[in-house]
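Asks: The following block contains the structure, expressed as structure tokens.
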Amino acid sequence: MRKKLSLLALIWIISIKLRVLFFPKMALAANFTRGEETAQNFGVHEIVLTGNGSVTNPFDTQTTITFISPTNKTIPVNAFYDGGNTWRARVYINEIGSWKWQSSSTDSGLNNKSGSFIVVNSNLRGMLRKHKQNPRQLMTDNEQTFINIADTAYFFFSTNETDWQKYIKDDINYGISSIRSDALGGGLTWDMYWSDTSKTRFNLTNFQNMDARLQWLLNNYPNLQVQIKLVPGPSSYGADETVWQTLSQTTRTNLLRYLIARWSAYPNLFFEVTNDTRCTSSYPNTRAMAREIGNYFLNNDPWKHLLSFGPTRDMNFCFTSSADNWVSYITLETSYDLSADKIQTNSTLPLPIYNEEDYYETYNPPTNPRYFYRRLLWSWLLSGGSATYGGDWDALTPYSQTNLVGLDSIPFISSYFTDRHIDLALFQPADELVQQINAPTPEGNNGPSRPQAARRGNEEFIVYIPNAANGEVSGFTDGTISSAETSRRQAILDNTKTPTVEVNLSNITGMFRVEWYRAYDGFSQKGSSVAGGDYRKFTSPWQGYDVVLRLVSTTSSPSSTPTPTPTPISTIVRCDESCTSANSICEEGLICYLTNSLPGSEKCRHPQCVEENDCQCKKCLPSETKEKCLIRYYGVFTSSVDLDLNKDRKINSLDFIKYALKL
């Protein structure tokens, strides 16, 4: 029977919806602040100064702002010209308390200015770093391990792309934690930096557009990291660089100084010189450009962002000499590397390894993309690296507006680790401990279909079992898709098989709890505890699925390292917890809505969850009608005009009001 609302409750609910529709929500403390505004720790603060913009070239005006932290650390940064009579200087904040600043400039209007601002604690994570405990892993400045699950969004900063906010919202909902993008806009070219042929005046339209989107990201999705390609690659694929060397040294230096002045304070950025570029000794111009840019950033970026260089597909990383200390992570491109084999051939440096591109779902796509991409990401994470989903490399179409399926199982990867408080930085790859009894042919447990395992000492083991059909073989061929690569491109589940693995626990004593997890949909099931001291067999409870097996010692200490807990300005509320308090903020990806018809029953839930108390669901059930969704959502209120229920149905606020008035 349809549930009726009291008139009072109905009026209250509609008033909430109308308030959201017609009055912008009151902004909480921004993560990007200016002037005398109170700033957030691990955020960005900007000083705006007024100078003489009518000089011959205001971009040549040299202005330095020296920031002084509460512990008296001095951080000099270059101010940059931003049009009219405006100069800006930005600082990345990593100390709580009172900050001061002082300017010096060749422009009298910009010279000898000073001020102060207050920094308070926050829930921000800060910049991305190489992990202190495990050089293969990433962490943020709050010392929390960062699980990199990436997506390619080359055109995110393009002024022609209008759905960029929706694109990000979809990525967040599907578990993406970083995106890759060209600086300034997709299809980055050298003429996008300057507005004049002499290359002395920067294109402010492009730079300001990029700033606006970065600040929106920082204020709305601060945990999402963005890898920026700093400069274009060669004009043709596989060629040596031809433009950089033609620029004067002054032009090159001015460009790099300007990029650092505008971008280095952002904690949600990390850098790549360029990508898709050959870089062996046969390409001297490219190598020289990479090293010049890399060393300039190493010596002049005040906060030492992560920086790398992207080689072409299936090539090994080039910059591994002791002189290349500007490199702080390794980037690769691969061809259907479902077993993370390229990690082994690029592991000479103790640095994080990031597979920034395999093939795309719209370009040389895998035969079974939902299976392929979840398997790719699971394998690379458990092998000590990270990988990227690629939807459409030359467009920025929100996932929910496509027919793609490659992201459909990805939310169940990040949630697996966060829900169980698993810290991957404490794990090491351990494929050698696991054998699949009914392994696929022809290469069995030595091939790409083998189980991928990681261990935390003798206390915890995580095993991803691909349960692949026969036919996959190893091998890579530069410049073409070989038969071996094609075999992995066609990877498919063996729907007839229930996988069984044998884990070598012979040198480990004690009892272990057993848990199974379906990579397809995140369903979990406990198994019977087992004792160490021998080789133990484990059979999946499900036929025809790729699965994750987890063994945890019954005497184990927690697998997650303590994460500093700041004193929050607002209370961050988890799924299914009450959000009635005025300072409650639901975790990223959740909204606060009524769980019954009366005020005071608000709880944080996933916006696409139509089953009460089910915080893992992501979409409406296939049988869910629009009318039923409206009934189930009659108490929902959100800052969005539309509530995305799935790719085919949307309920907008007008529908809600019309239907509510009929109840």
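Letters for chains follow the order of the structure tokens (A, B, ...), residue numbers begin at 1 for each chain, and ligand numbers begin at 1 in the order shown.
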Using only C-alpha atoms, which residues sit within 7 Å of Ser178 (chain A) once same-chain residues fewer than 5 positions away are excluded, as a short mmCIF file (atom, residue, chain, number, x, y, z; two decimals) with all heavy atoms, in the first residue's frame?
Replies:
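Written file, selection17.cif:
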```cif
data_model
loop_
_atom_site.label_atom_id
_atom_site.label_comp_id
_atom_site.auth_asym_id
_atom_site.auth_seq_id
_atom_site.Cartn_x
_atom_site.Cartn_y
_atom_site.Cartn_z
N ASN A 148 45.66 4.58 -5.82
CA ASN A 148 45.50 5.25 -7.10
C ASN A 148 44.69 4.39 -8.06
O ASN A 148 45.16 3.35 -8.53
CB ASN A 148 46.88 5.56 -7.70
CG ASN A 148 46.78 6.38 -8.97
OD1 ASN A 148 45.91 7.24 -9.09
ND2 ASN A 148 47.65 6.11 -9.93
N ILE A 149 43.46 4.81 -8.33
CA ILE A 149 42.60 4.18 -9.33
C ILE A 149 42.26 5.29 -10.32
O ILE A 149 41.48 6.19 -10.01
CB ILE A 149 41.34 3.58 -8.69
CG1 ILE A 149 41.74 2.49 -7.68
CG2 ILE A 149 40.42 3.01 -9.75
CD1 ILE A 149 40.58 1.91 -6.92
N ALA A 150 42.86 5.23 -11.50
CA ALA A 150 42.91 6.41 -12.37
C ALA A 150 41.98 6.29 -13.58
O ALA A 150 41.57 5.20 -13.98
CB ALA A 150 44.35 6.64 -12.83
N ASP A 151 41.70 7.45 -14.17
CA ASP A 151 40.94 7.55 -15.40
C ASP A 151 41.61 8.59 -16.29
O ASP A 151 42.19 9.56 -15.80
CB ASP A 151 39.49 7.96 -15.10
CG ASP A 151 38.61 7.99 -16.35
OD1 ASP A 151 38.95 7.29 -17.33
OD2 ASP A 151 37.59 8.69 -16.35
N LEU A 224 40.46 14.02 -4.98
CA LEU A 224 40.76 13.59 -6.35
C LEU A 224 42.05 14.25 -6.81
O LEU A 224 42.17 15.47 -6.83
CB LEU A 224 39.62 13.98 -7.29
CG LEU A 224 39.80 13.50 -8.74
CD1 LEU A 224 39.51 12.02 -8.86
CD2 LEU A 224 38.90 14.30 -9.68
N GLN A 225 43.03 13.43 -7.20
CA GLN A 225 44.30 13.94 -7.70
C GLN A 225 44.25 14.07 -9.23
O GLN A 225 43.56 13.29 -9.90
CB GLN A 225 45.44 13.02 -7.30
CG GLN A 225 45.78 13.07 -5.81
CD GLN A 225 46.52 14.35 -5.44
OE1 GLN A 225 47.25 14.93 -6.25
NE2 GLN A 225 46.35 14.77 -4.20
N VAL A 226 44.97 15.05 -9.76
CA VAL A 226 45.00 15.30 -11.21
C VAL A 226 46.45 15.28 -11.68
O VAL A 226 47.27 16.08 -11.24
CB VAL A 226 44.37 16.66 -11.56
CG1 VAL A 226 44.33 16.83 -13.08
CG2 VAL A 226 42.97 16.77 -10.98
#
```
Asks: Let's see if you can do this: from backbone DSSP, list all helix (DSSP H, G or I) residues in region 281-512 of chain A, as a PyMOL selection string.
Replies: chain A and resi 284-300+341-346+369-382+399-401+411-419+424-426+431-433+444-446+483-489
Asks: Could those selected residues go to a file with C-alpha atoms, as a PDB file, in the first residue's frame?
Replies:
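This went into out04.pdb:
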```pdb
ATOM      1  CA  PRO A 284      68.420  13.381 -27.753  1.00  0.00           C
ATOM      2  CA  ASN A 285      66.153  16.446 -28.054  1.00  0.00           C
ATOM      3  CA  THR A 286      63.374  14.775 -26.092  1.00  0.00           C
ATOM      4  CA  ARG A 287      65.795  13.632 -23.396  1.00  0.00           C
ATOM      5  CA  ALA A 288      67.321  17.108 -23.127  1.00  0.00           C
ATOM      6  CA  MET A 289      63.893  18.754 -22.832  1.00  0.00           C
ATOM      7  CA  ALA A 290      62.731  16.294 -20.171  1.00  0.00           C
ATOM      8  CA  ARG A 291      65.846  16.809 -18.085  1.00  0.00           C
ATOM      9  CA  GLU A 292      65.773  20.598 -18.391  1.00  0.00           C
ATOM     10  CA  ILE A 293      62.127  20.785 -17.299  1.00  0.00           C
ATOM     11  CA  GLY A 294      62.577  18.112 -14.653  1.00  0.00           C
ATOM     12  CA  ASN A 295      65.566  19.767 -13.058  1.00  0.00           C
ATOM     13  CA  TYR A 296      63.949  23.206 -13.177  1.00  0.00           C
ATOM     14  CA  PHE A 297      60.941  21.894 -11.266  1.00  0.00           C
ATOM     15  CA  LEU A 298      63.193  20.018  -8.854  1.00  0.00           C
ATOM     16  CA  ASN A 299      65.060  23.224  -8.032  1.00  0.00           C
ATOM     17  CA  ASN A 300      62.171  25.720  -8.131  1.00  0.00           C
ATOM     18  CA  ASP A 341      54.425  -7.982 -15.766  1.00  0.00           C
ATOM     19  CA  LYS A 342      55.889  -4.600 -16.732  1.00  0.00           C
ATOM     20  CA  ILE A 343      56.454  -3.822 -13.061  1.00  0.00           C
ATOM     21  CA  GLN A 344      59.210  -6.423 -12.948  1.00  0.00           C
ATOM     22  CA  THR A 345      61.092  -4.902 -15.886  1.00  0.00           C
ATOM     23  CA  ASN A 346      60.878  -1.376 -14.458  1.00  0.00           C
ATOM     24  CA  PRO A 369      35.778  -4.550 -20.812  1.00  0.00           C
ATOM     25  CA  ARG A 370      34.027  -4.918 -17.456  1.00  0.00           C
ATOM     26  CA  TYR A 371      36.119  -8.001 -16.675  1.00  0.00           C
ATOM     27  CA  PHE A 372      39.270  -6.632 -18.289  1.00  0.00           C
ATOM     28  CA  TYR A 373      39.480  -3.328 -16.417  1.00  0.00           C
ATOM     29  CA  ARG A 374      38.669  -4.658 -12.954  1.00  0.00           C
ATOM     30  CA  ARG A 375      41.245  -7.391 -13.478  1.00  0.00           C
ATOM     31  CA  LEU A 376      43.824  -4.861 -14.703  1.00  0.00           C
ATOM     32  CA  LEU A 377      43.354  -2.659 -11.624  1.00  0.00           C
ATOM     33  CA  TRP A 378      43.283  -5.505  -9.087  1.00  0.00           C
ATOM     34  CA  SER A 379      46.451  -7.036 -10.549  1.00  0.00           C
ATOM     35  CA  TRP A 380      48.447  -3.830 -10.612  1.00  0.00           C
ATOM     36  CA  LEU A 381      47.435  -2.829  -7.083  1.00  0.00           C
ATOM     37  CA  LEU A 382      48.391  -6.204  -5.586  1.00  0.00           C
ATOM     38  CA  TYR A 399      30.304   7.808 -17.999  1.00  0.00           C
ATOM     39  CA  SER A 400      26.571   7.788 -17.229  1.00  0.00           C
ATOM     40  CA  GLN A 401      25.913   9.245 -20.697  1.00  0.00           C
ATOM     41  CA  PRO A 411      33.647   0.896  -7.121  1.00  0.00           C
ATOM     42  CA  PHE A 412      34.118  -2.493  -5.486  1.00  0.00           C
ATOM     43  CA  ILE A 413      37.909  -2.140  -5.594  1.00  0.00           C
ATOM     44  CA  SER A 414      38.375   1.023  -3.548  1.00  0.00           C
ATOM     45  CA  SER A 415      35.574   0.060  -1.155  1.00  0.00           C
ATOM     46  CA  TYR A 416      37.227  -3.301  -0.540  1.00  0.00           C
ATOM     47  CA  PHE A 417      40.302  -1.652   0.946  1.00  0.00           C
ATOM     48  CA  THR A 418      38.609   1.249   2.720  1.00  0.00           C
ATOM     49  CA  ASP A 419      35.809  -0.793   4.283  1.00  0.00           C
ATOM     50  CA  LEU A 424      48.390  -1.440   0.959  1.00  0.00           C
ATOM     51  CA  ALA A 425      51.638   0.240   1.974  1.00  0.00           C
ATOM     52  CA  LEU A 426      52.134  -2.566   4.491  1.00  0.00           C
ATOM     53  CA  ASP A 431      52.620 -14.297  -6.289  1.00  0.00           C
ATOM     54  CA  GLU A 432      55.069 -17.112  -5.566  1.00  0.00           C
ATOM     55  CA  LEU A 433      53.019 -18.250  -2.556  1.00  0.00           C
ATOM     56  CA  GLY A 444      49.224 -21.983 -16.145  1.00  0.00           C
ATOM     57  CA  ASN A 445      50.652 -20.372 -13.019  1.00  0.00           C
ATOM     58  CA  ASN A 446      53.582 -18.900 -14.937  1.00  0.00           C
ATOM     59  CA  SER A 483      49.205 -12.465 -31.092  1.00  0.00           C
ATOM     60  CA  ALA A 484      50.206 -12.684 -27.418  1.00  0.00           C
ATOM     61  CA  GLU A 485      48.715  -9.270 -26.715  1.00  0.00           C
ATOM     62  CA  THR A 486      45.593 -10.235 -28.662  1.00  0.00           C
ATOM     63  CA  SER A 487      45.160 -13.294 -26.436  1.00  0.00           C
ATOM     64  CA  ARG A 488      44.961 -11.016 -23.405  1.00  0.00           C
ATOM     65  CA  ARG A 489      42.814  -8.484 -25.226  1.00  0.00           C
TER      66      ARG A 489
END
```
Asks: Using only C-alpha atoms, which residues sit within 7 Å of Asp276 (chain A) once same-chain residues fewer than 3 positions away are excluded, as a list of chain:residue names?
Replies: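 Within the cut-off, the hits are A:Gly310, A:Pro311, A:Thr312.
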Asks: How would the residues just chosen look if you wrote them out with all heavy atoms as a PDB file, in the first residue's frame?
Replies:
```pdb
ATOM      1  N   GLY A 310      56.377  10.291 -19.492  1.00  0.00           N
ATOM      2  CA  GLY A 310      55.615   9.175 -20.037  1.00  0.00           C
ATOM      3  C   GLY A 310      56.168   8.631 -21.336  1.00  0.00           C
ATOM      4  O   GLY A 310      56.080   9.295 -22.369  1.00  0.00           O
ATOM      5  N   PRO A 311      56.727   7.418 -21.332  1.00  0.00           N
ATOM      6  CA  PRO A 311      57.231   6.820 -22.574  1.00  0.00           C
ATOM      7  C   PRO A 311      56.091   6.280 -23.438  1.00  0.00           C
ATOM      8  O   PRO A 311      54.940   6.222 -23.020  1.00  0.00           O
ATOM      9  CB  PRO A 311      58.118   5.671 -22.074  1.00  0.00           C
ATOM     10  CG  PRO A 311      57.495   5.276 -20.764  1.00  0.00           C
ATOM     11  CD  PRO A 311      56.947   6.548 -20.162  1.00  0.00           C
ATOM     12  N   THR A 312      56.432   5.872 -24.650  1.00  0.00           N
ATOM     13  CA  THR A 312      55.443   5.271 -25.540  1.00  0.00           C
ATOM     14  C   THR A 312      55.095   3.863 -25.076  1.00  0.00           C
ATOM     15  O   THR A 312      55.754   3.290 -24.209  1.00  0.00           O
ATOM     16  CB  THR A 312      55.963   5.233 -26.988  1.00  0.00           C
ATOM     17  OG1 THR A 312      57.261   4.630 -26.993  1.00  0.00           O
ATOM     18  CG2 THR A 312      56.049   6.619 -27.576  1.00  0.00           C
TER      19      THR A 312
END
```
Asks: Excluding same-chain residues fewer than 2 positions from Ser105 (chain A), what lies within 7 Å of it counting only C-alpha atoms, as number ranges by chain?
Replies: A: 62-64, 103, 107-108, 110-111
Asks: Just asking: which residues within region 118-333 of chain A are strand (DSSP E) according to DSSP, as JSON, numbers by chain?
Replies: {"A": [118, 119, 120, 128, 129, 130, 138, 139, 140, 145, 146, 149, 150, 151, 152, 178, 179, 180, 181, 182, 225, 226, 227, 228, 229, 269, 270, 271, 272, 307, 308, 330, 331, 332, 333]}
Asks: Limited to N, CA, C and O atoms, could you put the picked residues into a file as a short mmCIF file (atom, residue, chain, number, x, y, z; two decimals), in the first residue's frame?
Replies:
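Resulting contents of selection03.cif:
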```cif
data_model
loop_
_atom_site.label_atom_id
_atom_site.label_comp_id
_atom_site.auth_asym_id
_atom_site.auth_seq_id
_atom_site.Cartn_x
_atom_site.Cartn_y
_atom_site.Cartn_z
N ILE A 118 44.92 33.45 9.02
CA ILE A 118 44.86 32.36 9.99
C ILE A 118 44.57 31.05 9.26
O ILE A 118 43.73 31.00 8.35
N VAL A 119 45.24 30.00 9.67
CA VAL A 119 45.01 28.66 9.13
C VAL A 119 44.47 27.77 10.23
O VAL A 119 45.02 27.72 11.33
N VAL A 120 43.38 27.06 9.94
CA VAL A 120 42.77 26.14 10.90
C VAL A 120 42.88 24.72 10.38
O VAL A 120 43.17 24.48 9.21
N LEU A 128 50.30 14.69 -2.88
CA LEU A 128 50.67 13.30 -3.11
C LEU A 128 52.18 13.16 -3.00
O LEU A 128 52.94 13.98 -3.54
N ARG A 129 52.63 12.10 -2.31
CA ARG A 129 54.06 11.86 -2.08
C ARG A 129 54.40 10.38 -2.28
O ARG A 129 53.52 9.53 -2.27
N LYS A 130 55.69 10.10 -2.40
CA LYS A 130 56.16 8.73 -2.26
C LYS A 130 55.99 8.32 -0.81
O LYS A 130 56.31 9.09 0.10
N LEU A 138 52.02 5.21 -2.64
CA LEU A 138 51.79 6.64 -2.55
C LEU A 138 51.11 6.99 -1.23
O LEU A 138 50.40 6.17 -0.66
N MET A 139 51.33 8.20 -0.79
CA MET A 139 50.67 8.70 0.41
C MET A 139 50.40 10.18 0.22
O MET A 139 50.93 10.82 -0.70
N THR A 140 49.55 10.73 1.06
CA THR A 140 49.31 12.17 1.07
C THR A 140 49.95 12.78 2.31
O THR A 140 50.42 12.06 3.20
N THR A 145 47.82 6.42 3.25
CA THR A 145 48.11 5.76 1.99
C THR A 145 47.08 6.14 0.93
O THR A 145 45.89 6.18 1.21
N PHE A 146 47.55 6.42 -0.28
CA PHE A 146 46.68 6.81 -1.39
C PHE A 146 46.57 5.64 -2.35
O PHE A 146 47.57 5.17 -2.90
N ILE A 149 43.46 4.81 -8.33
CA ILE A 149 42.60 4.18 -9.33
C ILE A 149 42.26 5.29 -10.32
O ILE A 149 41.48 6.19 -10.01
N ALA A 150 42.86 5.23 -11.50
CA ALA A 150 42.91 6.41 -12.37
C ALA A 150 41.98 6.29 -13.58
O ALA A 150 41.57 5.20 -13.98
N ASP A 151 41.70 7.45 -14.17
CA ASP A 151 40.94 7.55 -15.40
C ASP A 151 41.61 8.59 -16.29
O ASP A 151 42.19 9.56 -15.80
N THR A 152 41.52 8.40 -17.59
CA THR A 152 42.08 9.35 -18.54
C THR A 152 41.04 10.39 -18.91
O THR A 152 39.92 10.06 -19.32
N SER A 178 41.99 9.41 -9.20
CA SER A 178 42.82 10.38 -9.92
C SER A 178 42.44 10.38 -11.39
O SER A 178 41.92 9.39 -11.92
N ILE A 179 42.68 11.52 -12.05
CA ILE A 179 42.48 11.61 -13.50
C ILE A 179 43.76 12.12 -14.13
O ILE A 179 44.60 12.73 -13.47
N ARG A 180 43.89 11.88 -15.43
CA ARG A 180 45.02 12.36 -16.21
C ARG A 180 44.50 13.38 -17.21
O ARG A 180 43.46 13.17 -17.84
N SER A 181 45.21 14.50 -17.37
CA SER A 181 44.74 15.52 -18.29
C SER A 181 45.90 16.30 -18.89
O SER A 181 46.95 16.45 -18.26
N ASP A 182 45.69 16.76 -20.10
CA ASP A 182 46.61 17.75 -20.66
C ASP A 182 46.44 19.06 -19.90
O ASP A 182 45.32 19.42 -19.49
N GLN A 225 43.03 13.43 -7.20
CA GLN A 225 44.30 13.94 -7.70
C GLN A 225 44.25 14.07 -9.23
O GLN A 225 43.56 13.29 -9.90
N VAL A 226 44.97 15.05 -9.76
CA VAL A 226 45.00 15.30 -11.21
C VAL A 226 46.45 15.28 -11.68
O VAL A 226 47.27 16.08 -11.24
N GLN A 227 46.75 14.34 -12.57
CA GLN A 227 48.07 14.32 -13.20
C GLN A 227 48.04 15.23 -14.42
O GLN A 227 47.19 15.07 -15.30
N ILE A 228 48.94 16.21 -14.45
CA ILE A 228 48.98 17.21 -15.52
C ILE A 228 50.18 16.95 -16.43
O ILE A 228 51.32 16.86 -15.96
N LYS A 229 49.90 16.84 -17.74
CA LYS A 229 50.98 16.82 -18.72
C LYS A 229 51.40 18.25 -18.97
O LYS A 229 50.64 19.06 -19.48
N LEU A 269 47.37 18.36 -7.53
CA LEU A 269 48.08 18.15 -8.78
C LEU A 269 49.34 17.32 -8.56
O LEU A 269 50.00 17.42 -7.53
N PHE A 270 49.66 16.50 -9.56
CA PHE A 270 51.03 15.98 -9.70
C PHE A 270 51.37 16.01 -11.19
O PHE A 270 50.48 16.11 -12.04
N PHE A 271 52.65 15.98 -11.51
CA PHE A 271 53.09 16.40 -12.84
C PHE A 271 53.74 15.29 -13.64
O PHE A 271 54.30 14.33 -13.10
N GLU A 272 53.68 15.50 -14.97
CA GLU A 272 54.38 14.67 -15.94
C GLU A 272 54.89 15.61 -17.03
O GLU A 272 54.13 16.47 -17.51
N LEU A 307 56.82 14.10 -10.00
CA LEU A 307 57.12 14.46 -11.39
C LEU A 307 57.69 13.25 -12.11
O LEU A 307 58.50 12.51 -11.56
N SER A 308 57.27 13.06 -13.37
CA SER A 308 57.76 11.93 -14.14
C SER A 308 57.74 12.26 -15.63
O SER A 308 57.57 13.42 -16.01
N ILE A 330 57.47 6.42 -11.53
CA ILE A 330 57.70 5.82 -12.84
C ILE A 330 56.36 5.68 -13.56
O ILE A 330 55.39 5.19 -12.99
N THR A 331 56.31 6.12 -14.81
CA THR A 331 55.09 5.97 -15.60
C THR A 331 55.34 5.03 -16.77
O THR A 331 56.43 5.00 -17.35
N LEU A 332 54.31 4.26 -17.12
CA LEU A 332 54.39 3.30 -18.21
C LEU A 332 53.10 3.34 -19.03
O LEU A 332 52.06 3.81 -18.56
N GLU A 333 53.19 2.85 -20.27
CA GLU A 333 52.02 2.52 -21.08
C GLU A 333 52.16 1.07 -21.50
O GLU A 333 53.25 0.64 -21.89
#
```
Asks: If you count only C-alpha atoms, which residues fall within 6 Å of Tyr464 (chain A), apart from same-chain ones fewer than 5 positions away, as a short mmCIF file (atom, residue, chain, number, x, y, z; two decimals) with all heavy atoms, in the first residue's frame?
Replies:
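Produced file selection.cif, reproduced below:
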```cif
data_model
loop_
_atom_site.label_atom_id
_atom_site.label_comp_id
_atom_site.auth_asym_id
_atom_site.auth_seq_id
_atom_site.Cartn_x
_atom_site.Cartn_y
_atom_site.Cartn_z
N PRO A 451 47.16 -16.28 -10.40
CA PRO A 451 46.68 -15.46 -9.28
C PRO A 451 47.71 -14.38 -8.92
O PRO A 451 48.91 -14.59 -9.06
CB PRO A 451 46.51 -16.47 -8.14
CG PRO A 451 46.44 -17.80 -8.81
CD PRO A 451 47.29 -17.70 -10.03
N GLN A 452 47.21 -13.25 -8.47
CA GLN A 452 48.06 -12.14 -8.03
C GLN A 452 47.92 -12.03 -6.51
O GLN A 452 46.79 -11.90 -6.02
CB GLN A 452 47.64 -10.83 -8.68
CG GLN A 452 47.49 -10.88 -10.18
CD GLN A 452 48.80 -10.83 -10.92
OE1 GLN A 452 48.92 -11.37 -12.01
NE2 GLN A 452 49.79 -10.19 -10.35
N VAL A 547 37.59 -13.77 -8.21
CA VAL A 547 37.36 -13.57 -6.78
C VAL A 547 38.63 -13.09 -6.09
O VAL A 547 39.74 -13.21 -6.61
CB VAL A 547 36.88 -14.88 -6.11
CG1 VAL A 547 35.48 -15.24 -6.60
CG2 VAL A 547 37.86 -16.02 -6.37
N VAL A 548 38.42 -12.55 -4.90
CA VAL A 548 39.52 -12.14 -4.02
C VAL A 548 39.44 -12.99 -2.76
O VAL A 548 38.38 -13.07 -2.12
CB VAL A 548 39.43 -10.65 -3.67
CG1 VAL A 548 40.58 -10.25 -2.75
CG2 VAL A 548 39.44 -9.80 -4.93
#
```
Asks: Rounded to one decimal, what separation in Å do you get between CA of Val552 (chain A) and CA of Met511 (chain A)?
Replies: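 Between CA of Val552 (chain A) and CA of Met511 (chain A) the gap works out to 8.3 Å.
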